[in-house]
>>> print(open('final31.csv').read())   # CSV, C-alpha atoms
chain,number,residue,atom,x,y,z
M,1,MET,CA,93.5,106.3,98.6
M,2,PHE,CA,92.9,106.7,102.3
M,3,ARG,CA,90.2,104.2,102.2
M,4,ARG,CA,92.5,101.5,100.7
M,5,ILE,CA,95.1,102.0,103.4
M,6,ALA,CA,92.7,102.1,106.2
M,7,SER,CA,90.8,99.0,105.1
M,8,THR,CA,93.9,96.9,104.9
M,9,VAL,CA,95.4,98.0,108.2
M,10,PRO,CA,92.7,96.8,110.5
M,11,ALA,CA,92.6,93.5,108.7
M,12,GLN,CA,96.3,92.9,109.3
M,13,VAL,CA,96.2,94.2,112.8
M,14,GLY,CA,93.2,91.9,113.5
M,15,ARG,CA,95.2,88.9,112.4
M,16,ILE,CA,98.1,89.7,114.7
M,17,ALA,CA,96.4,91.2,117.7
M,18,ALA,CA,93.9,89.4,119.9
M,19,ALA,CA,90.3,90.3,119.5
M,20,SER,CA,90.1,92.2,122.8
M,21,VAL,CA,92.8,94.6,121.6
M,22,ARG,CA,91.0,95.3,118.4
M,23,PRO,CA,88.5,98.0,119.4
M,24,SER,CA,91.3,100.3,120.7
M,25,ILE,CA,93.2,100.0,117.5
M,26,VAL,CA,90.3,100.3,115.2
M,27,GLY,CA,89.1,103.4,117.0
M,28,PRO,CA,91.9,105.8,115.9
M,29,VAL,CA,92.0,104.3,112.4
M,30,ARG,CA,88.3,105.2,112.0
M,31,THR,CA,88.8,108.8,113.1
M,32,ALA,CA,91.6,109.1,110.6
M,33,ALA,CA,89.5,107.7,107.8
M,34,PRO,CA,85.8,108.4,108.4
M,35,ALA,CA,85.2,107.0,104.9
M,36,ILE,CA,84.7,103.6,106.5
M,37,PRO,CA,81.4,103.5,108.2
M,38,ARG,CA,80.6,101.1,111.1
M,39,ASP,CA,78.5,98.8,108.9
M,40,GLY,CA,81.6,97.9,106.9
M,41,HIS,CA,80.2,99.1,103.6
M,42,GLU,CA,82.5,101.3,101.6
M,43,ARG,CA,81.0,104.7,101.1
M,44,PRO,CA,82.5,106.8,98.4
M,45,ALA,CA,83.9,110.2,99.3
M,46,ASN,CA,81.4,112.2,97.1
M,47,ALA,CA,78.3,110.2,98.0
M,48,PRO,CA,76.5,113.4,99.1
M,49,SER,CA,75.4,113.7,95.5
M,50,LEU,CA,73.6,110.3,95.8
M,51,LEU,CA,72.2,111.1,99.2
M,52,ASP,CA,71.2,114.6,98.1
M,53,HIS,CA,69.2,113.3,95.1
M,54,TYR,CA,67.7,110.6,97.3
M,55,ASN,CA,66.7,112.9,100.1
M,56,LYS,CA,65.6,115.7,97.9
M,57,PRO,CA,64.6,114.2,94.5
M,58,ARG,CA,64.3,116.8,91.8
M,59,ASN,CA,61.5,117.0,89.3
M,60,VAL,CA,59.2,114.4,90.9
M,61,GLY,CA,55.8,114.4,89.3
M,62,SER,CA,53.7,113.7,86.2
M,63,MET,CA,52.7,115.4,83.0
M,64,SER,CA,49.7,114.6,80.9
M,65,LYS,CA,50.4,111.5,78.9
M,66,ALA,CA,47.9,112.7,76.3
M,67,ASP,CA,49.8,115.8,75.3
M,68,THR,CA,51.4,115.4,72.0
M,69,ASP,CA,54.6,117.1,73.0
M,70,VAL,CA,55.1,114.8,76.0
M,71,GLY,CA,57.0,111.6,75.7
M,72,THR,CA,56.5,109.0,78.4
M,73,GLY,CA,59.0,106.2,79.3
M,74,LEU,CA,57.9,103.5,81.6
M,75,VAL,CA,60.5,100.9,82.5
M,76,GLY,CA,61.0,98.2,85.1
M,77,ALA,CA,63.7,96.0,86.5
M,78,PRO,CA,62.5,92.5,87.0
M,79,ALA,CA,65.4,91.6,89.2
M,80,CYS,CA,64.3,93.9,92.0
M,81,GLY,CA,60.7,94.8,91.0
M,82,ASP,CA,61.4,98.5,90.5
M,83,VAL,CA,59.3,100.7,88.2
M,84,MET,CA,60.4,104.1,86.8
M,85,LYS,CA,58.3,106.6,84.9
M,86,LEU,CA,60.1,109.4,83.1
M,87,GLN,CA,58.3,112.1,81.1
M,88,ILE,CA,59.8,114.7,78.8
M,89,ARG,CA,58.1,117.7,77.3
M,90,VAL,CA,59.7,118.6,74.0
M,91,ASP,CA,59.9,122.0,72.4
M,92,PRO,CA,59.0,121.2,68.8
M,93,ASN,CA,60.9,124.2,67.4
M,94,ASP,CA,64.4,123.0,68.3
M,95,ASN,CA,63.7,119.4,69.6
M,96,THR,CA,65.0,120.2,73.0
M,97,ILE,CA,63.6,118.9,76.3
M,98,SER,CA,61.9,121.9,77.9
M,99,ASP,CA,60.5,120.0,81.0
M,100,VAL,CA,61.0,116.7,82.6
M,101,LYS,CA,59.3,114.8,85.4
M,102,PHE,CA,59.8,111.4,86.9
M,103,LYS,CA,58.3,109.0,89.4
M,104,THR,CA,60.3,106.1,90.6
M,105,PHE,CA,59.1,103.3,92.9
M,106,GLY,CA,62.2,101.5,93.9
M,107,CYS,CA,65.3,101.6,96.0
M,108,GLY,CA,67.2,104.7,96.9
M,109,SER,CA,69.7,104.3,94.1
M,110,ALA,CA,66.9,104.1,91.5
M,111,ILE,CA,65.3,107.2,92.9
M,112,ALA,CA,68.6,109.1,92.9
M,113,SER,CA,69.5,107.9,89.4
M,114,SER,CA,66.3,109.1,87.9
M,115,SER,CA,66.4,112.4,89.8
M,116,TYR,CA,69.9,113.1,88.6
M,117,LEU,CA,68.9,112.1,85.1
M,118,THR,CA,66.1,114.7,85.0
M,119,GLU,CA,68.6,117.4,85.8
M,120,LEU,CA,71.0,116.2,83.2
M,121,VAL,CA,68.5,116.0,80.3
M,122,ARG,CA,66.7,119.3,80.8
M,123,GLY,CA,67.5,121.6,77.9
M,124,MET,CA,69.2,118.9,75.9
M,125,THR,CA,68.3,118.0,72.4
M,126,LEU,CA,66.6,114.7,72.0
M,127,GLU,CA,69.6,113.5,70.0
M,128,ASP,CA,72.0,114.3,72.9
M,129,ALA,CA,69.7,112.9,75.5
M,130,ALA,CA,69.5,109.6,73.6
M,131,LYS,CA,73.3,109.4,73.9
M,132,ILE,CA,73.4,109.4,77.7
M,133,ARG,CA,75.0,106.3,79.1
M,134,ASN,CA,74.3,104.8,82.4
M,135,THR,CA,78.0,105.0,83.3
M,136,GLU,CA,77.6,108.8,83.4
M,137,ILE,CA,74.9,108.5,86.0
M,138,ALA,CA,76.7,105.8,88.0
M,139,LYS,CA,79.9,107.9,88.0
M,140,GLU,CA,78.2,111.0,89.2
M,141,LEU,CA,76.4,109.2,92.0
M,142,CYS,CA,79.2,106.8,92.8
M,143,LEU,CA,76.9,103.9,92.6
M,144,PRO,CA,78.3,100.6,93.9
M,145,PRO,CA,78.5,97.7,91.5
M,146,VAL,CA,75.4,96.0,92.9
M,147,LYS,CA,73.4,99.2,92.1
M,148,LEU,CA,74.6,99.8,88.6
M,149,HIS,CA,71.4,98.4,87.2
M,150,CYS,CA,69.6,101.4,88.7
M,151,SER,CA,71.5,103.7,86.4
M,152,MET,CA,70.7,101.3,83.5
M,153,LEU,CA,67.1,101.6,84.4
M,154,ALA,CA,67.4,105.4,84.2
M,155,GLU,CA,69.1,105.2,80.8
M,156,ASP,CA,66.3,102.9,79.5
M,157,ALA,CA,63.8,105.3,80.8
M,158,ILE,CA,65.0,108.3,78.9
M,159,LYS,CA,65.4,106.2,75.7
M,160,SER,CA,61.9,104.9,76.1
M,161,ALA,CA,60.5,108.4,76.7
M,162,ILE,CA,62.3,109.7,73.5
M,163,SER,CA,61.1,106.8,71.5
M,164,ASN,CA,57.5,107.4,72.8
M,165,TYR,CA,57.8,111.0,71.7
M,166,TYR,CA,58.9,110.0,68.2
M,167,THR,CA,56.1,107.6,68.0
M,168,LYS,CA,53.6,110.4,68.8
M,169,ASN,CA,55.4,112.9,66.5
M,170,PRO,CA,56.8,111.0,63.6
M,171,SER,CA,57.5,114.2,61.8
M,172,ALA,CA,60.0,115.4,64.5
M,173,ARG,CA,62.4,112.7,63.3
M,174,LYS,CA,61.7,113.1,59.6
M,175,THR,CA,62.7,116.8,59.8
M,176,ASP,CA,66.0,115.7,61.4
M,177,LEU,CA,66.6,113.3,58.6
M,178,GLY,CA,65.7,115.8,55.9
M,179,GLY,CA,68.9,117.6,56.1
M,180,THR,CA,71.3,114.7,56.1
M,181,SER,CA,69.8,111.9,54.0
M,182,ALA,CA,67.3,111.2,51.3
M,183,PRO,CA,63.8,110.5,52.6
M,184,LEU,CA,64.0,106.8,51.7
M,185,PRO,CA,61.5,104.7,53.6
M,186,LYS,CA,64.2,102.2,54.4
M,187,VAL,CA,66.3,104.9,56.1
M,188,GLU,CA,63.4,105.9,58.2
M,189,ILE,CA,62.7,102.4,59.4
M,190,GLU,CA,66.2,102.0,60.4
M,191,THR,CA,66.3,105.2,62.4
M,192,VAL,CA,63.0,104.4,64.1
M,193,THR,CA,64.4,101.1,65.4
M,194,GLU,CA,67.6,102.7,66.5
M,195,PRO,CA,66.7,103.4,70.2
M,196,ALA,CA,65.8,99.7,70.6
M,197,THR,CA,69.1,98.4,69.3
M,198,ALA,CA,71.1,101.0,71.2
M,199,THR,CA,69.4,99.9,74.4
M,200,ALA,CA,70.1,96.2,73.9
J,201,MET,CA,66.6,91.4,100.0
J,202,ILE,CA,66.6,88.4,97.7
J,203,ARG,CA,69.6,86.3,98.5
J,204,SER,CA,71.3,84.9,95.4
J,205,ILE,CA,70.7,81.3,94.9
J,206,ARG,CA,73.4,79.5,92.9
J,207,PRO,CA,72.5,75.9,92.3
J,208,ALA,CA,75.8,75.1,90.8
J,209,ALA,CA,77.7,76.2,93.9
J,210,THR,CA,75.3,74.4,96.1
J,211,ARG,CA,75.8,71.2,94.2
J,212,VAL,CA,79.6,71.5,94.4
J,213,ARG,CA,79.4,72.1,98.2
J,214,ALA,CA,77.1,69.1,98.5
J,215,SER,CA,79.5,66.8,96.8
J,216,LEU,CA,82.4,68.1,98.9
J,217,THR,CA,80.6,67.5,102.2
J,218,PRO,CA,81.9,64.3,103.8
J,219,SER,CA,79.4,61.8,105.1
J,220,TYR,CA,80.1,62.3,108.7
J,221,LEU,CA,76.6,62.8,109.8
J,222,PRO,CA,74.0,60.1,109.9
J,223,LEU,CA,71.6,62.4,108.0
J,224,GLN,CA,74.3,63.2,105.5
J,225,THR,CA,74.0,59.9,103.7
J,226,ARG,CA,70.5,60.9,102.6
J,227,PHE,CA,71.9,64.1,101.0
J,228,GLN,CA,74.6,62.4,99.1
J,229,SER,CA,73.2,62.1,95.6
J,230,ALA,CA,75.3,65.1,94.7
J,231,SER,CA,74.4,65.4,91.0
J,232,THR,CA,70.6,65.8,91.6
J,233,HIS,CA,70.8,67.5,95.0
J,234,THR,CA,68.4,70.4,95.3
J,235,HIS,CA,66.7,72.2,98.1
J,236,TYR,CA,63.9,69.6,97.7
J,237,THR,CA,66.2,66.7,98.6
J,238,PHE,CA,66.2,67.9,102.3
J,239,PHE,CA,62.5,67.3,102.6
J,240,PRO,CA,61.7,63.8,101.4
J,241,THR,CA,58.6,63.5,103.6
J,242,THR,CA,56.9,66.8,102.5
J,243,LEU,CA,58.2,66.8,98.9
J,244,PRO,CA,58.7,63.2,97.9
J,245,SER,CA,58.4,63.9,94.2
J,246,GLY,CA,61.0,66.6,94.2
J,247,PRO,CA,60.8,69.8,92.1
J,248,PRO,CA,58.3,70.2,89.2
J,249,PRO,CA,57.4,68.9,86.7
J,250,GLN,CA,57.5,65.7,88.8
J,251,GLY,CA,56.4,67.3,92.0
J,252,SER,CA,53.9,70.1,92.2
J,253,PHE,CA,54.9,73.8,92.5
J,254,SER,CA,52.7,74.3,95.6
J,255,VAL,CA,54.1,73.3,98.9
J,256,ASP,CA,52.4,72.3,102.1
J,257,THR,CA,54.1,74.9,104.2
J,258,THR,CA,52.9,73.5,107.5
J,259,ALA,CA,54.3,70.1,106.7
J,260,LEU,CA,57.4,71.7,105.4
J,261,LYS,CA,57.9,73.7,108.6
J,262,ARG,CA,57.4,70.5,110.7
J,263,GLU,CA,60.0,68.6,108.7
J,264,PHE,CA,62.4,71.6,108.8
J,265,LEU,CA,62.2,71.7,112.6
J,266,GLN,CA,62.8,68.0,112.8
J,267,LEU,CA,65.8,68.3,110.4
J,268,GLN,CA,67.3,71.2,112.4
J,269,ALA,CA,66.8,69.4,115.6
J,270,ARG,CA,69.1,66.7,114.3
J,271,ALA,CA,71.5,68.9,112.4
J,272,HIS,CA,72.0,71.5,115.2
J,273,PRO,CA,75.7,72.3,115.5
J,274,ASP,CA,75.6,72.0,119.3
J,275,LEU,CA,74.7,68.3,119.0
J,276,HIS,CA,78.0,67.5,117.2
J,277,PRO,CA,81.5,67.2,118.5
J,278,PRO,CA,83.8,70.2,118.2
J,279,SER,CA,85.7,68.7,115.4
J,280,GLU,CA,82.6,68.5,113.2
J,281,LYS,CA,81.0,71.7,114.4
J,282,LYS,CA,81.9,73.7,111.3
J,283,LYS,CA,80.5,71.1,109.0
J,284,ALA,CA,77.4,70.8,111.0
J,285,GLN,CA,77.0,74.6,110.9
J,286,ALA,CA,77.4,74.5,107.1
J,287,LEU,CA,74.8,71.8,106.8
J,288,SER,CA,72.5,73.6,109.2
J,289,ALA,CA,72.9,76.8,107.1
J,290,ARG,CA,72.0,74.9,104.0
J,291,ILE,CA,68.9,73.5,105.5
J,292,ASN,CA,67.9,77.0,106.6
J,293,GLU,CA,68.5,78.3,103.1
J,294,ALA,CA,66.5,75.4,101.6
J,295,TYR,CA,63.6,76.0,103.9
J,296,LYS,CA,63.6,79.8,103.4
J,297,THR,CA,63.6,79.3,99.7
J,298,LEU,CA,60.9,76.6,99.5
J,299,GLN,CA,58.4,78.2,101.9
J,300,SER,CA,58.1,81.4,99.8
J,301,PRO,CA,56.4,81.1,96.4
J,302,LEU,CA,58.5,83.8,94.9
J,303,LEU,CA,61.9,82.5,96.1
J,304,ARG,CA,60.8,79.0,95.2
J,305,ALA,CA,59.9,80.1,91.6
J,306,GLN,CA,63.2,82.0,91.3
J,307,TYR,CA,65.0,79.0,92.6
J,308,LEU,CA,63.3,76.5,90.2
J,309,LEU,CA,64.1,78.9,87.3
J,310,SER,CA,67.7,79.1,88.5
J,311,LEU,CA,67.9,75.3,88.4
J,312,ARG,CA,67.1,75.7,84.7
J,313,GLY,CA,69.8,78.3,84.2
J,314,ILE,CA,67.5,81.3,84.3
J,315,GLU,CA,68.5,83.9,86.9
J,316,VAL,CA,65.5,86.1,87.3
J,317,ALA,CA,66.8,87.5,90.6
J,318,GLU,CA,70.3,88.0,89.4
J,319,ASP,CA,70.1,89.3,85.9
J,320,GLU,CA,70.2,93.0,86.5
J,321,THR,CA,70.3,93.9,82.8
J,322,ALA,CA,66.9,92.2,82.2
J,323,LYS,CA,64.0,94.4,81.2
J,324,VAL,CA,60.3,94.1,81.8
J,325,GLU,CA,58.7,93.7,78.3
J,326,ASP,CA,55.2,94.0,79.6
J,327,PRO,CA,53.9,97.6,79.4
J,328,GLU,CA,50.6,96.6,80.9
J,329,LEU,CA,52.2,95.1,83.9
J,330,LEU,CA,54.3,98.2,84.5
J,331,MET,CA,51.3,100.4,84.1
J,332,GLU,CA,49.4,98.4,86.7
J,333,VAL,CA,52.3,98.5,89.1
J,334,LEU,CA,52.7,102.2,88.6
J,335,GLU,CA,49.0,102.9,89.2
J,336,THR,CA,48.9,100.8,92.3
J,337,ARG,CA,52.1,102.5,93.6
J,338,GLU,CA,50.5,105.9,93.0
J,339,GLN,CA,47.4,104.7,94.8
J,340,ILE,CA,49.4,103.6,97.8
J,341,GLU,CA,51.2,107.0,97.8
J,342,GLU,CA,47.9,108.9,97.8
J,343,ALA,CA,46.4,106.8,100.6
J,344,GLN,CA,45.4,108.8,103.6
J,345,SER,CA,44.7,106.1,106.1
J,346,GLU,CA,44.9,102.4,106.7
J,347,ASP,CA,41.3,102.1,105.5
J,348,ASP,CA,42.2,103.2,102.0
J,349,LEU,CA,44.5,100.2,101.8
J,350,VAL,CA,42.0,97.5,102.7
J,351,ASP,CA,40.7,97.1,99.1
J,352,MET,CA,44.2,97.4,97.6
J,353,LYS,CA,45.4,94.6,99.9
J,354,LYS,CA,42.5,92.4,98.8
J,355,VAL,CA,43.3,93.1,95.2
J,356,ASN,CA,46.9,92.4,95.7
J,357,GLU,CA,46.3,89.2,97.6
J,358,LYS,CA,44.3,88.1,94.6
J,359,ARG,CA,47.1,89.0,92.2
J,360,ILE,CA,49.5,86.9,94.3
J,361,GLU,CA,47.1,84.0,94.4
J,362,GLU,CA,46.6,84.1,90.6
J,363,SER,CA,50.3,84.4,90.0
J,364,VAL,CA,51.0,81.3,92.2
J,365,GLY,CA,48.2,79.5,90.2
J,366,VAL,CA,49.9,80.4,86.9
J,367,LEU,CA,53.3,79.3,88.3
J,368,GLU,CA,51.7,76.0,89.4
J,369,GLU,CA,50.4,75.4,85.9
J,370,THR,CA,53.5,76.6,84.0
J,371,PHE,CA,55.9,74.5,86.0
J,372,ARG,CA,53.6,71.5,85.7
J,373,GLU,CA,53.7,71.9,81.9
J,374,ASP,CA,57.3,72.7,82.1
J,375,ASP,CA,56.7,76.0,80.2
J,376,ILE,CA,59.8,77.8,81.5
J,377,ASP,CA,59.3,81.0,79.5
J,378,ARG,CA,55.9,81.6,80.9
J,379,ALA,CA,57.1,80.7,84.4
J,380,LYS,CA,59.8,83.3,84.1
J,381,GLU,CA,57.3,86.0,83.0
J,382,GLU,CA,55.1,85.1,85.9
J,383,ALA,CA,57.9,85.1,88.4
J,384,VAL,CA,58.7,88.7,87.4
J,385,LYS,CA,55.0,89.6,87.9
J,386,LEU,CA,55.0,87.9,91.3
J,387,ARG,CA,58.2,89.9,92.2
J,388,TYR,CA,56.2,93.1,91.6
J,389,TRP,CA,53.1,91.9,93.6
J,390,ILE,CA,55.3,90.9,96.5
J,391,ASN,CA,57.0,94.3,96.5
J,392,ILE,CA,53.6,95.9,96.5
J,393,LYS,CA,52.5,93.6,99.4
J,394,GLU,CA,55.5,94.7,101.4
J,395,SER,CA,54.8,98.4,100.7
J,396,LEU,CA,51.1,97.9,101.7
J,397,ASP,CA,52.1,96.1,104.9
J,398,ALA,CA,54.8,98.7,105.8
J,399,TRP,CA,52.6,101.7,104.9
J,400,GLU,CA,52.7,104.7,107.2
J,401,ARG,CA,51.0,108.0,106.6
J,402,GLY,CA,53.2,110.4,104.6
J,403,LYS,CA,56.1,108.0,104.4
J,404,PRO,CA,57.5,107.8,100.9
J,405,VAL,CA,57.6,104.4,99.2
J,406,VAL,CA,61.2,103.3,99.2
J,407,LEU,CA,61.9,99.6,98.5
J,408,GLN,CA,64.6,97.8,100.5
J,409,HIS,CA,66.6,95.3,98.6
>>> encode(input="final31.csv", output="structure tokens")
Amino acid sequence: MFRRIASTVPAQVGRIAAASVRPSIVGPVRTAAPAIPRDGHERPANAPSLLDHYNKPRNVGSMSKADTDVGTGLVGAPACGDVMKLQIRVDPNDNTISDVKFKTFGCGSAIASSSYLTELVRGMTLEDAAKIRNTEIAKELCLPPVKLHCSMLAEDAIKSAISNYYTKNPSARKTDLGGTSAPLPKVEIETVTEPATATA
Amino acid sequence: MIRSIRPAATRVRASLTPSYLPLQTRFQSASTHTHYTFFPTTLPSGPPPQGSFSVDTTALKREFLQLQARAHPDLHPPSEKKKAQALSARINEAYKTLQSPLLRAQYLLSLRGIEVAEDETAKVEDPELLMEVLETREQIEEAQSEDDLVDMKKVNEKRIEESVGVLEETFREDDIDRAKEEAVKLRYWINIKESLDAWERGKPVVLQH
């Protein structure tokens, strides 16, 4: 709310007042609303979350790709040339994510998005983790519109990791289906392709 | 860092610009106006497939400087200064785009309606490429001194060279799908080049764009 008022006021004042008067007027407005930094970019009030994840990314690292209980997701954004690797270790007893690591080579928002995602999915069941939407990440980190694709990349990464885990452990999914539907081959095929369609 | 290039908008602007400058007349063919139109000496055949993808950057620079010498806003009366500035900015944009293979490839694709640099929902469908990029990035991260980068730089220069070669071929054959794939690859190699050039001991790899 403050931001909106403050950003319109200097603009109007600027139109009326001469340029030389401007600094003295802009000064007090800035102190009243520190939300507007000098570079003119809007910075959301709770951006510390973004900065915190960027400055101190959580769960950076790698796990052995060869482990059968590890699912690896590797995704890239062609528009900016980012690459993101996300690995999950799955507890086969209850299909929950017991450990998670990531490595992102990209901009700050991509790093923060993947860092936040790792905290989010730890302890989740694969089913729940597959339901995470990029909007959740973008909202938490207050990503600006031009950086929304970073959160999409994180969403793709977890989906890709889950699908990799299922590829390595086809039985993990079959057990899931056992309770709810007949083990028809057709059903299984549909379910296997599900992550891909959900991503599109 | 990639500035968006919107050919449609450029074309509209081109057709709206009145012919007040002597040079302007040359740029008037609004419907076919591209960045290439500014440089008839260096790029007489225009964009591929008629012209080649590769550009003689030395000749391009020479022609660019000549153009700017004539288009410079200070050389025009105050009433036309704004228009001259706009033209000058367009020449700058055209030069900046054409002298870089990556920007040139992205621009040529955008002329065909493919926005590689804009489409943020696009995904990389090439696991091998991603793996190679990731491994190279990890190598850069693990580097202890400038010496460790020497070989990586050589390898990467070769990648860029090959990529440009493929772009040359695909644009000549008008194989737009392959050109698009290659432009994505080149994006990654250029990012790696930037990281290699900006490498400092212990500094994390954060891309600026």
>>> closest_atom_pairs(input="final31.csv", of="chain M", to="chain J", cutoff="9 Å", atoms="all atoms listed in the file", output="Markdown table")
| residue | atom | partner | partner_atom | distance |
| --- | --- | --- | --- | --- |
| M:Leu74 | CA | J:Leu330 | CA | 7.0 |
| M:Val75 | CA | J:Val324 | CA | 6.8 |
| M:Gly76 | CA | J:Val324 | CA | 5.3 |
| M:Ala77 | CA | J:Lys323 | CA | 5.5 |
| M:Pro78 | CA | J:Val384 | CA | 5.4 |
| M:Ala79 | CA | J:Ala317 | CA | 4.6 |
| M:Cys80 | CA | J:Ala317 | CA | 7.0 |
| M:Gly81 | CA | J:Tyr388 | CA | 4.8 |
| M:Asp82 | CA | J:Tyr388 | CA | 7.6 |
| M:Val83 | CA | J:Leu330 | CA | 6.7 |
| M:Met84 | CA | J:Leu334 | CA | 8.1 |
| M:Lys85 | CA | J:Leu334 | CA | 8.0 |
| M:Lys103 | CA | J:Leu334 | CA | 8.8 |
| M:Thr104 | CA | J:Leu334 | CA | 8.8 |
| M:Phe105 | CA | J:Val405 | CA | 6.6 |
| M:Gly106 | CA | J:Leu407 | CA | 5.0 |
| M:Cys107 | CA | J:Leu407 | CA | 4.7 |
| M:Gly108 | CA | J:Val406 | CA | 6.6 |
| M:Ile111 | CA | J:Val406 | CA | 8.5 |
| M:Val146 | CA | J:Glu320 | CA | 8.8 |
| M:Lys147 | CA | J:Glu320 | CA | 8.9 |
| M:Leu148 | CA | J:Glu320 | CA | 8.4 |
| M:His149 | CA | J:Glu320 | CA | 5.6 |
| M:Cys150 | CA | J:Glu320 | CA | 8.7 |
| M:Met152 | CA | J:Thr321 | CA | 7.4 |
| M:Leu153 | CA | J:Lys323 | CA | 8.5 |
| M:Asp156 | CA | J:Lys323 | CA | 9.0 |
>>> atom_distance(input="final31.csv", atom1="CA of Leu275 in chain J", atom2="CA of Gly246 in chain J")
28.4 Å
>>> closest_residue(input="final31.csv", among="J:Ser300, J:Pro278, J:Asp348, J:Gln250", to="Arg372 in chain J", atoms="only C-alpha atoms")
J:Gln250
>>> atom_distance(input="final31.csv", atom1="CA of Leu311 in chain J", atom2="CA of Asn292 in chain J")
18.3 Å
>>> closest_residue(input="final31.csv", among="J:Glu382, J:Phe238, J:Leu367, J:Asp347", to="Arg401 in chain J", atoms="only C-alpha atoms")
J:Asp347
>>> atom_distance(input="final31.csv", atom1="CA of Asn169 in chain M", atom2="CA of Asp69 in chain M")
7.8 Å
>>> closest_residue(input="final31.csv", among="J:Ile376, J:Ala259, J:Ala271, J:Leu302", to="Glu361 in chain J", atoms="only C-alpha atoms")
J:Leu302
>>> residues_around(input="final31.csv", residues="range 120-137 of chain M", least_positions_apart="6", cutoff="9 Å", atoms="only C-alpha atoms", output="JSON, numbers by chain")
{"M": [88, 90, 94, 95, 96, 97, 98, 99, 100, 113, 114, 143, 148, 149, 150, 151, 152, 153, 154, 155, 156, 158, 159, 162, 195]}
>>> closest_residue(input="final31.csv", among="J:Asp375, J:Glu342, J:Glu293, J:Asp256", to="Pro244 in chain J", atoms="only C-alpha atoms")
J:Asp256
>>> residues_around(input="final31.csv", residues="Leu50 in chain M", least_positions_apart="3", cutoff="8 Å", atoms="only C-alpha atoms", output="short mmCIF file (atom, residue, chain, number, x, y, z; two decimals) with C-alpha atoms, in the coordinates of the input")
data_model
loop_
_atom_site.label_atom_id
_atom_site.label_comp_id
_atom_site.auth_asym_id
_atom_site.auth_seq_id
_atom_site.Cartn_x
_atom_site.Cartn_y
_atom_site.Cartn_z
CA ALA M 47 78.30 110.20 98.00
CA HIS M 53 69.20 113.30 95.10
CA TYR M 54 67.70 110.60 97.30
CA SER M 109 69.70 104.30 94.10
CA ALA M 112 68.60 109.10 92.90
CA SER M 113 69.50 107.90 89.40
CA LEU M 141 76.40 109.20 92.00
CA CYS M 142 79.20 106.80 92.80
CA LEU M 143 76.90 103.90 92.60
#
